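Visitor: The following block contains the structure, expressed as structure tokens.
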Amino acid sequence: MTPFIKRKNIKNEWFLINAQNLAVGRLAAFISKVLRGKNKPTFNPHIDNGDFVIVTNIDKIKFTGKKFKNKKYFRHTGHPGGIKETSPLILRKKNKSNEILKLAVKRMLPGGPLAKKQLTKLKIYNGDKHPHEIQKPKIINFDKINKSNLVR
């Protein structure tokens, strides 16, 4: 049985991932596990025990197959006939490459207020630079974990 952890005993770490040429879905699955804290032995589904994740070079992220052109994201405004659709190609043209990964991670987290709080621990940047050097993030070479994570 996993012991309950107190809020004062939670230690959040910072991780840095370079997203250049990485597959979106595999990266999003890994990030969602870290944000929830499932990589720790003290995981509890009702406690925010997750870590912070910094993702750089998001503008160079890749999709496998033809998903970059054919994938569709739907949302509804709440009004009759208010369904809106977009695709990763349109988001990249609008310089919203960070929304591609954010949507993938958001949909892998469970719904509710806790998931919204956990999603705020995801920091996404277009270039190599980020303002979180003082936190001393641990670098994760995600492309070295599995050769399928890297899209050629």
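Scheme for the structure tokens: letters A, B, ... for chains in order shown; per-chain residue numbers from 1; ligand numbers from 1 in order shown.
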Compile the contact shell of Lys102 (chain A) as an MDAnalysis selection string: residues with an atom at most 10 Å away, counting only C-alpha atoms, same-chain residues fewer than 5 positions apart removed.

Guide: chainID A and resid 28 97 107:108 119 122:124

Visitor: If we count only C-alpha atoms, what is near Pro3 (chain A) at a cut-off of 12 Å, once residues fewer than 5 positions away on the same chain are taken out, given as a list in words?

Guide: Pro41, Thr42, Phe43, Asn44 and Ile47 of chain A

Visitor: Using only C-alpha atoms, can you tell me which of A:Gly112, A:Asn57, A:Pro88, A:Lys8 comes closest to Asn70 (chain A)?

Guide: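 Answer, going by the shortest atom-to-atom distance: A:Pro88.
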
Visitor: With a distance cut-off of 12 Å and only C-alpha atoms, select the neighbouring residues of Tyr125 (chain A), excluding the residue or stretch itself and same-chain residues fewer than 5 positions from it, and output the selection as an NGL selection string.

Guide: :A and (16-20 or 53-61 or 95-99 or 101-102 or 130-132)

Visitor: Mind dumping the selected residues with C-alpha atoms as a PDB file, in the first residue's frame?

Guide:
```pdb
ATOM      1  CA  LEU A  16      14.235  19.805 -19.371  1.00  0.00           C
ATOM      2  CA  ILE A  17      13.388  18.112 -22.681  1.00  0.00           C
ATOM      3  CA  ASN A  18      14.602  19.181 -26.115  1.00  0.00           C
ATOM      4  CA  ALA A  19      11.684  18.404 -28.468  1.00  0.00           C
ATOM      5  CA  GLN A  20      13.637  18.619 -31.710  1.00  0.00           C
ATOM      6  CA  VAL A  53       8.601  19.977 -17.222  1.00  0.00           C
ATOM      7  CA  ILE A  54      10.320  22.470 -19.533  1.00  0.00           C
ATOM      8  CA  VAL A  55      10.105  21.706 -23.259  1.00  0.00           C
ATOM      9  CA  THR A  56      12.319  23.636 -25.680  1.00  0.00           C
ATOM     10  CA  ASN A  57      12.496  23.695 -29.500  1.00  0.00           C
ATOM     11  CA  ILE A  58       8.765  23.016 -29.746  1.00  0.00           C
ATOM     12  CA  ASP A  59       8.696  24.514 -33.245  1.00  0.00           C
ATOM     13  CA  LYS A  60      10.765  21.513 -34.477  1.00  0.00           C
ATOM     14  CA  ILE A  61       8.468  18.787 -33.109  1.00  0.00           C
ATOM     15  CA  ASN A  95       3.015  30.389 -34.707  1.00  0.00           C
ATOM     16  CA  LYS A  96       1.131  28.392 -32.061  1.00  0.00           C
ATOM     17  CA  SER A  97       3.336  25.296 -32.119  1.00  0.00           C
ATOM     18  CA  ASN A  98       3.187  25.162 -28.329  1.00  0.00           C
ATOM     19  CA  GLU A  99      -0.576  24.547 -28.528  1.00  0.00           C
ATOM     20  CA  LEU A 101       1.880  19.699 -27.500  1.00  0.00           C
ATOM     21  CA  LYS A 102      -0.275  21.393 -24.874  1.00  0.00           C
ATOM     22  CA  HIS A 130      14.155  29.369 -21.273  1.00  0.00           C
ATOM     23  CA  PRO A 131      13.978  31.513 -18.104  1.00  0.00           C
ATOM     24  CA  HIS A 132      14.214  28.579 -15.663  1.00  0.00           C
TER      25      HIS A 132
END
```

Visitor: Rank nothing, just name the residue among A:Phe68, A:Phe4, A:Trp14, A:Phe142 nearest to Ala29 (chain A), using only C-alpha atoms.

Guide: A:Phe142

Visitor: Residues of chain A in strand (DSSP E or B) according to DSSP, as a PyMOL selection string?

Guide: chain A and resi 14-18+22-23+52-56+62+73-76+83-86+122-124+138-140+150
